[in-house]
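Peer 1: Here you go, this is upload.cif (mmCIF, C-alpha atoms).
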```cif
data_upload
#
loop_
_atom_site.label_atom_id
_atom_site.label_comp_id
_atom_site.auth_asym_id
_atom_site.auth_seq_id
_atom_site.Cartn_x
_atom_site.Cartn_y
_atom_site.Cartn_z
CA MET A 718 -12.22 -6.75 -27.20
CA PHE A 719 -8.53 -7.11 -26.35
CA GLY A 720 -9.12 -9.12 -23.17
CA PRO A 721 -10.66 -12.19 -24.84
CA VAL A 722 -8.03 -12.09 -27.63
CA LEU A 723 -5.24 -12.07 -25.06
CA ALA A 724 -7.00 -14.82 -23.08
CA ARG A 725 -7.08 -17.10 -26.14
CA TYR A 726 -3.45 -16.29 -26.94
CA LEU A 727 -2.36 -17.15 -23.40
CA ALA A 728 -4.53 -20.27 -23.32
CA ARG A 729 -2.74 -21.66 -26.37
CA ARG A 730 0.50 -21.30 -24.41
CA GLU A 731 -1.08 -22.76 -21.26
CA ILE A 732 -0.78 -19.48 -19.36
CA HIS A 733 -3.71 -18.55 -17.15
CA TYR A 734 -5.27 -15.12 -17.86
CA GLY A 735 -5.07 -14.40 -14.14
CA TRP A 736 -1.36 -13.68 -14.60
CA ALA A 737 -2.21 -10.99 -17.18
CA VAL A 738 -4.66 -9.40 -14.75
CA ALA A 739 -2.02 -9.62 -12.03
CA VAL A 740 0.52 -7.82 -14.25
CA VAL A 741 -1.94 -5.02 -15.06
CA THR A 742 -2.81 -4.69 -11.37
CA PHE A 743 0.89 -4.65 -10.49
CA LEU A 744 1.47 -1.75 -12.89
CA VAL A 745 -1.62 0.15 -11.69
CA MET A 746 -0.52 -0.14 -8.06
CA LEU A 747 3.02 0.85 -9.06
CA ALA A 748 1.70 3.99 -10.76
CA THR A 749 -0.68 5.05 -7.99
CA ALA A 750 2.00 4.33 -5.40
CA GLY A 751 4.28 6.65 -7.36
CA ALA A 752 1.66 9.36 -6.91
CA MET A 753 1.59 8.60 -3.17
CA GLY A 754 5.36 8.59 -2.83
CA SER A 755 5.89 11.77 -4.83
CA ALA A 756 4.68 13.74 -1.82
CA GLY A 757 8.01 12.98 -0.16
CA VAL A 758 9.84 15.42 -2.44
CA LEU A 759 7.29 18.24 -2.02
CA ILE A 760 7.97 19.28 1.57
CA LYS A 761 11.11 21.36 0.96
CA PRO A 762 9.94 22.98 -2.33
CA LEU A 763 6.56 23.93 -0.82
CA GLU A 764 8.24 25.36 2.28
CA THR A 765 10.43 27.48 0.02
CA GLU A 766 7.75 28.59 -2.47
CA PHE A 767 4.81 29.25 -0.15
CA GLY A 768 6.38 29.63 3.29
CA TRP A 769 4.28 26.83 4.77
CA SER A 770 5.83 25.03 7.74
CA ASN A 771 6.81 21.36 7.80
CA ALA A 772 3.99 20.70 10.28
CA GLU A 773 1.37 22.38 8.04
CA ILE A 774 2.44 20.44 4.95
CA SER A 775 2.65 17.22 6.96
CA PHE A 776 -0.91 17.79 8.20
CA ALA A 777 -2.23 17.95 4.62
CA LEU A 778 -0.32 14.83 3.65
CA ALA A 779 -1.52 13.06 6.80
CA ILE A 780 -5.13 13.59 5.70
CA ARG A 781 -4.25 11.84 2.44
CA LEU A 782 -2.88 8.87 4.35
CA VAL A 783 -5.98 8.63 6.55
CA LEU A 784 -8.32 8.66 3.55
CA PHE A 785 -6.02 6.22 1.74
CA GLY A 786 -6.75 3.80 4.57
CA LEU A 787 -10.40 4.59 5.30
CA LEU A 788 -11.41 4.09 1.67
CA GLY A 789 -10.03 0.53 1.65
CA PRO A 790 -13.11 -1.31 3.00
CA PHE A 791 -15.46 0.73 0.83
CA ALA A 792 -13.23 0.22 -2.21
CA ALA A 793 -13.64 -3.53 -1.71
CA ALA A 794 -17.43 -3.10 -1.56
CA PHE A 795 -17.44 -0.90 -4.67
CA MET A 796 -15.34 -3.46 -6.55
CA ASN A 797 -17.77 -6.20 -5.56
CA HIS A 798 -20.73 -4.14 -6.75
CA PHE A 799 -19.52 -2.10 -9.74
CA GLY A 800 -16.56 -4.20 -10.86
CA VAL A 801 -12.81 -3.76 -10.56
CA ARG A 802 -12.38 -2.19 -13.99
CA LYS A 803 -14.85 0.67 -13.41
CA VAL A 804 -13.60 1.46 -9.92
CA VAL A 805 -9.91 1.46 -10.86
CA SER A 806 -10.34 3.54 -14.03
CA SER A 807 -12.42 6.12 -12.12
CA ALA A 808 -9.78 6.30 -9.39
CA LEU A 809 -6.99 6.90 -11.92
CA ILE A 810 -8.94 9.78 -13.47
CA LEU A 811 -9.45 11.30 -10.02
CA ILE A 812 -5.73 11.06 -9.12
CA VAL A 813 -4.57 12.68 -12.36
CA SER A 814 -7.15 15.47 -11.97
CA GLY A 815 -5.97 16.19 -8.43
CA ILE A 816 -2.30 16.39 -9.43
CA VAL A 817 -3.01 18.67 -12.41
CA ALA A 818 -5.17 20.98 -10.29
CA SER A 819 -2.41 21.21 -7.67
CA PHE A 820 -0.16 22.92 -10.24
CA PHE A 821 -2.28 26.04 -9.73
CA MET A 822 -2.67 26.04 -5.93
CA THR A 823 -1.60 29.08 -3.95
CA GLU A 824 -3.23 28.55 -0.52
CA LEU A 825 -2.73 25.93 2.17
CA TRP A 826 -6.40 24.89 2.13
CA GLN A 827 -5.99 24.02 -1.55
CA MET A 828 -3.07 21.78 -0.63
CA VAL A 829 -5.30 20.07 1.96
CA ALA A 830 -8.17 19.69 -0.52
CA LEU A 831 -6.10 18.37 -3.44
CA TRP A 832 -3.19 16.43 -1.91
CA GLY A 833 -5.17 15.56 1.19
CA VAL A 834 -8.72 14.78 0.07
CA VAL A 835 -8.72 14.23 -3.72
CA LEU A 836 -5.53 12.15 -3.87
CA GLY A 837 -6.45 10.41 -0.63
CA VAL A 838 -9.75 9.21 -2.10
CA GLY A 839 -8.27 8.30 -5.49
CA THR A 840 -5.30 6.35 -4.18
CA GLY A 841 -7.48 4.75 -1.50
CA MET A 842 -9.56 3.11 -4.22
CA THR A 843 -6.43 1.44 -5.64
CA ALA A 844 -4.68 0.57 -2.38
CA LEU A 845 -3.60 -2.85 -1.15
CA VAL A 846 -7.25 -3.92 -1.08
CA LEU A 847 -7.11 -3.99 -4.89
CA GLY A 848 -4.22 -6.45 -4.78
CA ALA A 849 -6.00 -8.57 -2.16
CA THR A 850 -9.18 -8.61 -4.27
CA ILE A 851 -7.36 -9.72 -7.42
CA ALA A 852 -5.39 -12.38 -5.54
CA THR A 853 -8.45 -13.91 -3.86
CA ARG A 854 -10.63 -13.83 -6.98
CA TRP A 855 -8.13 -15.03 -9.58
CA PHE A 856 -5.85 -17.38 -7.63
CA ASP A 857 -6.60 -20.47 -5.56
CA LYS A 858 -2.94 -21.48 -5.74
CA ARG A 859 0.05 -19.15 -5.46
CA ARG A 860 -2.16 -16.62 -3.67
CA GLY A 861 0.51 -15.67 -1.16
CA LEU A 862 3.04 -15.12 -3.93
CA VAL A 863 0.62 -12.90 -5.85
CA ILE A 864 -0.15 -10.87 -2.73
CA GLY A 865 3.59 -10.46 -2.24
CA LEU A 866 4.00 -9.17 -5.79
CA MET A 867 1.09 -6.73 -5.41
CA THR A 868 2.39 -5.47 -2.09
CA ALA A 869 5.85 -5.04 -3.52
CA SER A 870 4.49 -2.98 -6.42
CA ASN A 871 2.62 -0.70 -4.01
CA ALA A 872 5.58 -0.18 -1.68
CA THR A 873 8.28 -0.10 -4.34
CA GLY A 874 6.32 2.33 -6.49
CA GLN A 875 6.32 4.80 -3.62
CA LEU A 876 10.12 4.70 -3.55
CA VAL A 877 11.57 4.08 -7.01
CA PHE A 878 10.16 7.26 -8.55
CA LEU A 879 11.73 9.44 -5.89
CA PRO A 880 15.29 9.76 -7.29
CA LEU A 881 13.96 10.86 -10.68
CA LEU A 882 11.38 13.20 -9.13
CA ALA A 883 13.95 14.65 -6.73
CA SER A 884 16.37 15.33 -9.61
CA LEU A 885 13.68 16.94 -11.76
CA THR A 886 12.34 18.96 -8.84
CA GLU A 887 15.79 20.31 -8.12
CA ALA A 888 16.51 21.07 -11.78
CA ILE A 889 13.20 22.30 -13.22
CA GLY A 890 10.65 22.49 -10.39
CA TRP A 891 8.15 20.20 -8.71
CA ARG A 892 5.32 20.87 -11.17
CA THR A 893 7.28 19.65 -14.18
CA ALA A 894 8.56 16.70 -12.17
CA LEU A 895 5.02 15.54 -11.43
CA THR A 896 4.22 15.31 -15.16
CA VAL A 897 6.23 12.07 -15.11
CA VAL A 898 3.76 10.65 -12.58
CA ILE A 899 0.83 11.82 -14.72
CA ALA A 900 2.28 10.04 -17.78
CA VAL A 901 2.71 6.77 -15.88
CA LEU A 902 -0.85 7.00 -14.50
CA THR A 903 -2.21 7.60 -18.01
CA PHE A 904 -0.41 4.52 -19.31
CA ALA A 905 -1.87 2.45 -16.46
CA PHE A 906 -5.35 3.78 -17.28
CA ILE A 907 -5.02 2.56 -20.88
CA LEU A 908 -3.95 -0.92 -19.71
CA VAL A 909 -6.96 -1.13 -17.41
CA LEU A 910 -9.35 -0.26 -20.23
CA LEU A 911 -7.79 -2.82 -22.57
CA PHE A 912 -7.05 -5.83 -20.37
CA MET A 913 -8.60 -5.64 -16.89
CA LYS A 914 -11.38 -8.17 -16.18
CA ASP A 915 -13.40 -8.40 -12.99
CA ARG A 916 -13.47 -12.19 -12.51
CA PRO A 917 -12.10 -15.38 -14.13
CA ALA A 918 -15.65 -16.25 -15.25
CA ASP A 919 -15.58 -13.18 -17.53
CA VAL A 920 -13.13 -15.04 -19.78
CA GLY A 921 -14.61 -18.49 -19.16
CA LEU A 922 -11.98 -19.66 -16.67
CA ALA A 923 -11.77 -21.05 -13.17
CA PRO A 924 -9.37 -19.31 -10.78
CA TYR A 925 -5.76 -20.35 -11.17
CA GLY A 926 -5.39 -23.69 -9.43
CA GLY A 927 -9.18 -24.16 -9.22
CA ARG A 928 -11.41 -26.50 -11.17
CA ALA A 929 -14.84 -24.87 -11.22
CA ILE A 930 -15.82 -21.65 -12.97
CA VAL A 931 -17.24 -19.38 -10.27
CA PRO A 932 -19.92 -17.00 -11.60
CA ALA A 933 -20.21 -13.52 -10.19
CA PRO A 934 -22.67 -13.44 -7.27
CA ALA A 935 -26.04 -11.85 -7.97
CA GLN A 936 -26.17 -8.20 -6.97
CA LYS A 937 -29.27 -7.87 -4.79
CA GLN A 938 -28.05 -5.09 -2.52
CA SER A 939 -29.28 -1.51 -2.70
CA PHE A 940 -26.64 1.17 -2.79
CA GLY A 941 -27.33 1.94 0.85
CA ALA A 942 -26.82 -1.71 1.79
CA LEU A 943 -23.63 -1.69 -0.26
CA LEU A 944 -22.24 1.17 1.82
CA LEU A 945 -23.26 -0.61 5.02
CA SER A 946 -21.60 -3.92 4.13
CA PRO A 947 -18.08 -2.80 5.18
CA LEU A 948 -19.52 -1.55 8.48
CA LYS A 949 -21.22 -4.89 9.07
CA ALA A 950 -17.97 -6.70 8.33
CA LEU A 951 -16.22 -4.42 10.83
CA ARG A 952 -18.89 -5.08 13.46
CA ASP A 953 -18.47 -8.85 13.14
CA ALA A 954 -14.68 -8.79 12.93
CA ALA A 955 -14.38 -6.44 15.91
CA ARG A 956 -15.76 -9.20 18.14
CA THR A 957 -12.56 -11.19 17.71
CA ASN A 958 -9.14 -10.77 19.27
CA THR A 959 -7.50 -11.64 15.95
CA PHE A 960 -8.91 -8.56 14.24
CA TRP A 961 -7.67 -6.15 16.92
CA VAL A 962 -4.21 -7.68 16.97
CA LEU A 963 -3.93 -7.41 13.19
CA PHE A 964 -5.31 -3.85 13.32
CA ALA A 965 -2.88 -2.75 16.05
CA THR A 966 0.18 -4.36 14.48
CA PHE A 967 -0.69 -2.92 11.07
CA PHE A 968 -1.00 0.50 12.73
CA VAL A 969 2.63 0.04 13.76
CA CYS A 970 3.51 -1.09 10.24
CA GLY A 971 2.18 2.15 8.76
CA PHE A 972 3.76 4.24 11.52
CA SER A 973 7.20 2.76 10.88
CA THR A 974 7.13 2.85 7.06
CA ASN A 975 4.89 5.16 4.99
CA GLY A 976 4.30 7.83 7.60
CA LEU A 977 7.85 8.11 8.93
CA ILE A 978 10.55 6.91 6.54
CA GLN A 979 8.78 7.41 3.22
CA MET A 980 7.33 10.80 4.12
CA HIS A 981 10.27 12.32 6.02
CA TRP A 982 13.36 10.49 4.78
CA VAL A 983 14.49 13.29 2.47
CA SER A 984 14.11 15.78 5.33
CA ILE A 985 15.84 13.45 7.81
CA CYS A 986 18.82 13.19 5.49
CA GLY A 987 18.75 16.91 4.77
CA ASP A 988 19.22 17.62 8.46
CA VAL A 989 22.59 15.82 8.36
CA GLY A 990 23.77 17.42 5.11
CA ILE A 991 22.70 14.74 2.61
CA ALA A 992 21.33 16.18 -0.64
CA ALA A 993 17.73 15.43 -1.65
CA VAL A 994 18.80 13.46 -4.75
CA SER A 995 21.15 11.25 -2.71
CA ALA A 996 18.48 10.71 -0.06
CA ALA A 997 15.95 9.74 -2.71
CA GLY A 998 18.51 7.33 -4.15
CA LEU A 999 18.74 5.60 -0.78
CA LEU A 1000 14.93 5.35 -0.71
CA ALA A 1001 15.04 3.76 -4.15
CA LEU A 1002 17.57 1.26 -2.80
CA ILE A 1003 15.11 0.45 -0.02
CA GLY A 1004 12.46 -0.02 -2.71
CA VAL A 1005 14.60 -2.42 -4.72
CA PHE A 1006 15.27 -4.64 -1.73
CA ASP A 1007 11.64 -4.34 -0.68
CA LEU A 1008 10.66 -5.93 -3.99
CA PHE A 1009 12.71 -9.02 -3.18
CA GLY A 1010 11.78 -9.08 0.50
CA THR A 1011 8.04 -8.79 -0.01
CA VAL A 1012 7.87 -11.38 -2.79
CA PHE A 1013 9.92 -13.73 -0.62
CA SER A 1014 7.54 -12.99 2.26
CA GLY A 1015 4.63 -14.04 0.04
CA TRP A 1016 6.42 -17.29 -0.79
CA LEU A 1017 7.06 -17.92 2.92
CA SER A 1018 3.45 -17.13 3.85
CA ASP A 1019 2.26 -20.03 1.68
CA ARG A 1020 4.49 -22.43 3.63
CA TYR A 1021 5.01 -21.33 7.25
CA ASP A 1022 3.11 -20.08 10.30
CA ASN A 1023 2.25 -16.49 9.46
CA ARG A 1024 2.25 -15.46 13.12
CA TRP A 1025 5.93 -16.26 13.50
CA LEU A 1026 6.72 -14.56 10.22
CA LEU A 1027 5.15 -11.37 11.56
CA PHE A 1028 7.06 -11.75 14.83
CA TRP A 1029 10.41 -11.75 13.04
CA PHE A 1030 9.46 -9.06 10.52
CA TYR A 1031 8.31 -6.56 13.15
CA GLY A 1032 11.14 -7.39 15.52
CA LEU A 1033 13.89 -6.93 12.93
CA ARG A 1034 12.34 -3.73 11.61
CA GLY A 1035 12.24 -2.33 15.13
CA LEU A 1036 15.94 -3.06 15.66
CA SER A 1037 16.85 -1.34 12.39
CA LEU A 1038 14.92 1.82 13.33
CA LEU A 1039 16.49 1.90 16.80
CA PHE A 1040 19.90 1.65 15.14
CA LEU A 1041 19.33 4.49 12.65
CA PRO A 1042 19.64 7.56 14.97
CA PHE A 1043 23.00 6.26 16.20
CA SER A 1044 24.31 5.16 12.79
CA GLY A 1045 26.29 8.32 12.15
CA PHE A 1046 24.44 8.76 8.84
CA ASN A 1047 27.49 7.98 6.72
CA PHE A 1048 27.31 6.23 3.36
CA TYR A 1049 28.32 2.84 4.74
CA THR A 1050 25.85 2.66 7.62
CA LEU A 1051 22.98 4.13 5.60
CA SER A 1052 23.55 1.58 2.85
CA ILE A 1053 23.40 -1.24 5.40
CA PHE A 1054 20.21 0.26 6.83
CA ALA A 1055 18.64 0.62 3.37
CA ILE A 1056 19.31 -3.04 2.51
CA PHE A 1057 18.26 -4.48 5.87
CA TYR A 1058 15.23 -2.22 6.32
CA GLY A 1059 14.26 -2.54 2.67
CA LEU A 1060 13.97 -6.33 2.86
CA ASP A 1061 11.45 -5.80 5.67
CA TRP A 1062 9.73 -2.65 4.35
CA VAL A 1063 6.26 -4.21 3.92
CA ALA A 1064 7.07 -7.90 4.27
CA THR A 1065 4.34 -7.87 6.92
CA VAL A 1066 1.56 -7.54 4.35
CA PRO A 1067 1.37 -11.07 2.83
CA PRO A 1068 1.18 -12.80 6.25
CA THR A 1069 -1.44 -10.28 7.40
CA VAL A 1070 -3.59 -10.85 4.30
CA LYS A 1071 -3.23 -14.61 4.66
CA LEU A 1072 -4.30 -14.48 8.31
CA SER A 1073 -7.29 -12.32 7.36
CA ALA A 1074 -8.39 -14.84 4.72
CA GLU A 1075 -7.82 -17.84 7.01
CA ARG A 1076 -9.63 -16.40 10.01
CA PHE A 1077 -12.48 -14.50 8.36
CA GLY A 1078 -13.23 -16.41 5.14
CA ALA A 1079 -12.46 -15.74 1.49
CA GLU A 1080 -15.63 -13.78 0.73
CA ARG A 1081 -15.07 -11.23 3.46
CA ALA A 1082 -11.28 -11.27 3.42
CA ALA A 1083 -11.03 -8.09 1.32
CA LEU A 1084 -13.51 -6.20 3.50
CA VAL A 1085 -11.83 -7.22 6.76
CA PHE A 1086 -8.35 -6.57 5.39
CA GLY A 1087 -9.63 -3.18 4.26
CA TRP A 1088 -10.31 -2.29 7.89
CA VAL A 1089 -6.97 -3.74 9.00
CA PHE A 1090 -5.35 -1.58 6.32
CA THR A 1091 -7.19 1.41 7.77
CA GLY A 1092 -5.16 0.81 10.90
CA HIS A 1093 -2.02 0.87 8.75
CA GLN A 1094 -2.87 4.26 7.33
CA LEU A 1095 -3.94 5.72 10.66
CA GLY A 1096 -0.49 4.74 11.89
CA ALA A 1097 1.09 6.29 8.81
CA ALA A 1098 -0.87 9.52 9.26
CA SER A 1099 0.10 9.67 12.94
CA ALA A 1100 3.78 9.31 12.11
CA ALA A 1101 3.58 11.80 9.23
CA PHE A 1102 2.12 14.49 11.48
CA LEU A 1103 3.98 13.70 14.72
CA ALA A 1104 7.35 13.43 13.03
CA GLY A 1105 6.75 16.76 11.29
CA ALA A 1106 5.67 18.34 14.58
CA SER A 1107 8.74 16.88 16.31
CA ARG A 1108 11.01 18.32 13.65
CA THR A 1109 9.32 21.74 13.88
CA SER A 1110 9.38 22.00 17.68
CA LEU A 1111 12.49 19.98 18.66
CA GLU A 1112 14.48 20.39 15.41
CA THR A 1113 15.19 16.64 15.32
CA TYR A 1114 13.56 13.42 14.11
CA THR A 1115 15.27 11.22 16.71
CA PRO A 1116 12.26 10.87 19.09
CA ALA A 1117 10.05 9.75 16.20
CA LEU A 1118 12.61 7.14 15.04
CA ILE A 1119 13.04 5.69 18.53
CA ALA A 1120 9.26 5.61 19.12
CA ALA A 1121 8.75 3.73 15.83
CA GLY A 1122 11.42 1.19 16.74
CA MET A 1123 9.91 0.53 20.17
CA LEU A 1124 6.42 0.15 18.70
CA CYS A 1125 7.73 -2.48 16.28
CA VAL A 1126 9.13 -4.51 19.16
CA VAL A 1127 5.75 -4.34 20.92
CA ALA A 1128 3.99 -5.41 17.70
CA ALA A 1129 6.31 -8.42 17.38
CA LEU A 1130 5.24 -9.63 20.81
CA LEU A 1131 1.57 -8.77 20.33
CA VAL A 1132 1.15 -10.87 17.18
CA LEU A 1133 1.98 -14.03 19.14
CA THR A 1134 -1.27 -13.61 21.08
CA ILE A 1135 -3.19 -14.76 17.99
CA GLY A 1136 -4.24 -18.39 18.46
CA LYS A 1137 -2.33 -21.02 16.53
CA ARG A 1138 -5.40 -22.55 14.97
CA ALA A 1139 -8.76 -21.00 14.16
CA PRO A 1140 -12.17 -22.11 12.96
CA ALA A 1141 -12.53 -22.22 9.19
CA THR A 1142 -14.50 -18.96 9.27
CA LEU A 1143 -15.07 -16.53 12.12
CA LEU A 1144 -17.51 -14.44 10.12
CA PRO A 1145 -20.64 -15.46 8.26
CA GLN A 1146 -20.10 -15.76 4.54
CA ALA A 1147 -21.43 -12.96 2.39
CA ALA A 1148 -24.68 -13.77 0.69
#
```
So that I can check it, write out the structure of this file as structure tokens.
Peer 2:
Amino acid sequence: MFGPVLARYLARREIHYGWAVAVVTFLVMLATAGAMGSAGVLIKPLETEFGWSNAEISFALAIRLVLFGLLGPFAAAFMNHFGVRKVVSSALILIVSGIVASFFMTELWQMVALWGVVLGVGTGMTALVLGATIATRWFDKRRGLVIGLMTASNATGQLVFLPLLASLTEAIGWRTALTVVIAVLTFAFILVLLFMKDRPADVGLAPYGGRAIVPAPAQKQSFGALLLSPLKALRDAARTNTFWVLFATFFVCGFSTNGLIQMHWVSICGDVGIAAVSAAGLLALIGVFDLFGTVFSGWLSDRYDNRWLLFWFYGLRGLSLLFLPFSGFNFYTLSIFAIFYGLDWVATVPPTVKLSAERFGAERAALVFGWVFTGHQLGAASAAFLAGASRTSLETYTPALIAAGMLCVVAALLVLTIGKRAPATLLPQAA
């Protein structure tokens, strides 16, 4: 009801409805990313309340990161079959249910089940694949910019909630603090029900910048074939060098961002006497600069060779991480790190999505990127667990920081092995 009314209102002002869908998607990814990022403030309170070790808590949160990545390709298939609106609304219900149930947990296995499995599945259905799907369906022009905006919402959302959540956790407990995340998720759910549309054809439009209205493809697949389609896309993509380079470099991306800095930053700062609220404030500063850096990356990806963009992004990120253990952790050096590192937080995503679309075709771009994103989350899960284990056994995060920096330098060199030009499509188009 509200979607067509808004579409007519925007049409009278010569604004494409795709921008409304992009805004709703931006807010959804911001909200679900807030749920992902809120785990960063739980480690210390859970250690104190239940006596669980950093390594045990990190293991549960690592499972969430793995599922967050593994669900990506299947989320793309579900969106193609059931529609974006149904998949996203179901995922939001699942995330809220998992957070509410966690208020009553008392055992470690419950932490694994709720924050590991339930939230991993729910957030995985609204991960970066959602942004890639909306960008490829609704935008022929400005696609890189839209991907940049979506990526920024996902990354920034995982950071900007942290100062507030850290303050509330310190003042009134982690359970009450998480009610803020539940409220934001509920608001996003309402927006999805009111305004989300699956395709431009649903409101009688061509994609932004396109001329022809593209009807939804006929759904002839059985449910079993639907579940196999991501595996078939993986089989075909795995035959190419491009896929493995993107997968490996995105593994490094996840290792050096979500799994290490996002997950352990508060603990890293706590080891040098920085309060949780101040540490979360620095993460929010990273998030603010990430918003600008990732949107600018999307703008650049529409105009320049995406391979060289990735070279510089990974290389500069690696240098910043190698600098951090020797920074002295004072306000001045940490502020410089937050600004420099924040601009590059996930600036790698728009060029990676663009390369996936260019090399594997628009129809399968979301499926292939879903598998590439799986690499990202495997890297994040590895860093989340290994950094926690390092802190537990060696009482320092320095080895994890140096390893992440060196991996980024390797990724910068590896991405240049992708050929300069490629055939129009390396995979057969979906039927």
Peer 1: Please identify all polymer residues within 7 Å of Pro1067 in chain A, counting only C-alpha atoms, omitting same-chain residues fewer than 4 positions from it, and present them as a PyMOL selection string.
Peer 2: chain A and resi 861+864-865+1014-1015+1018+1071
Peer 1: Name the residues captured by the PyMOL selection byres ((chain A and resi 742) around 12) when it is applied to the shown file; answer as a VMD selection string.
Peer 2: chain A and resid 735 to 741 743 to 750 801 to 802 805 to 806 843 to 852 855 863 to 864 866 to 871 905 to 906 908 to 910 912 to 915
Peer 1: Looking at A:Gly890, A:Gly941, A:Gly768, A:Gly971, which one is nearest to Phe820 in chain A, with distances taken over all atoms listed in the file?
Peer 2: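 The answer is A:Gly890, which sits nearest to Phe820 in chain A.
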Peer 1: Measuring atom to atom with all atoms listed in the file, identify which of A:Ala793, A:Val813, A:Cys970, A:Leu922 is nearest to Thr1069 in chain A.
Peer 2: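 That would be A:Cys970, the residue with the smallest distance to Thr1069 in chain A.
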Peer 1: At what distance in Å, to one decimal, does CA of Leu1131 in chain A lie from CA of Gly976 in chain A?
Peer 2: 21.1 Å
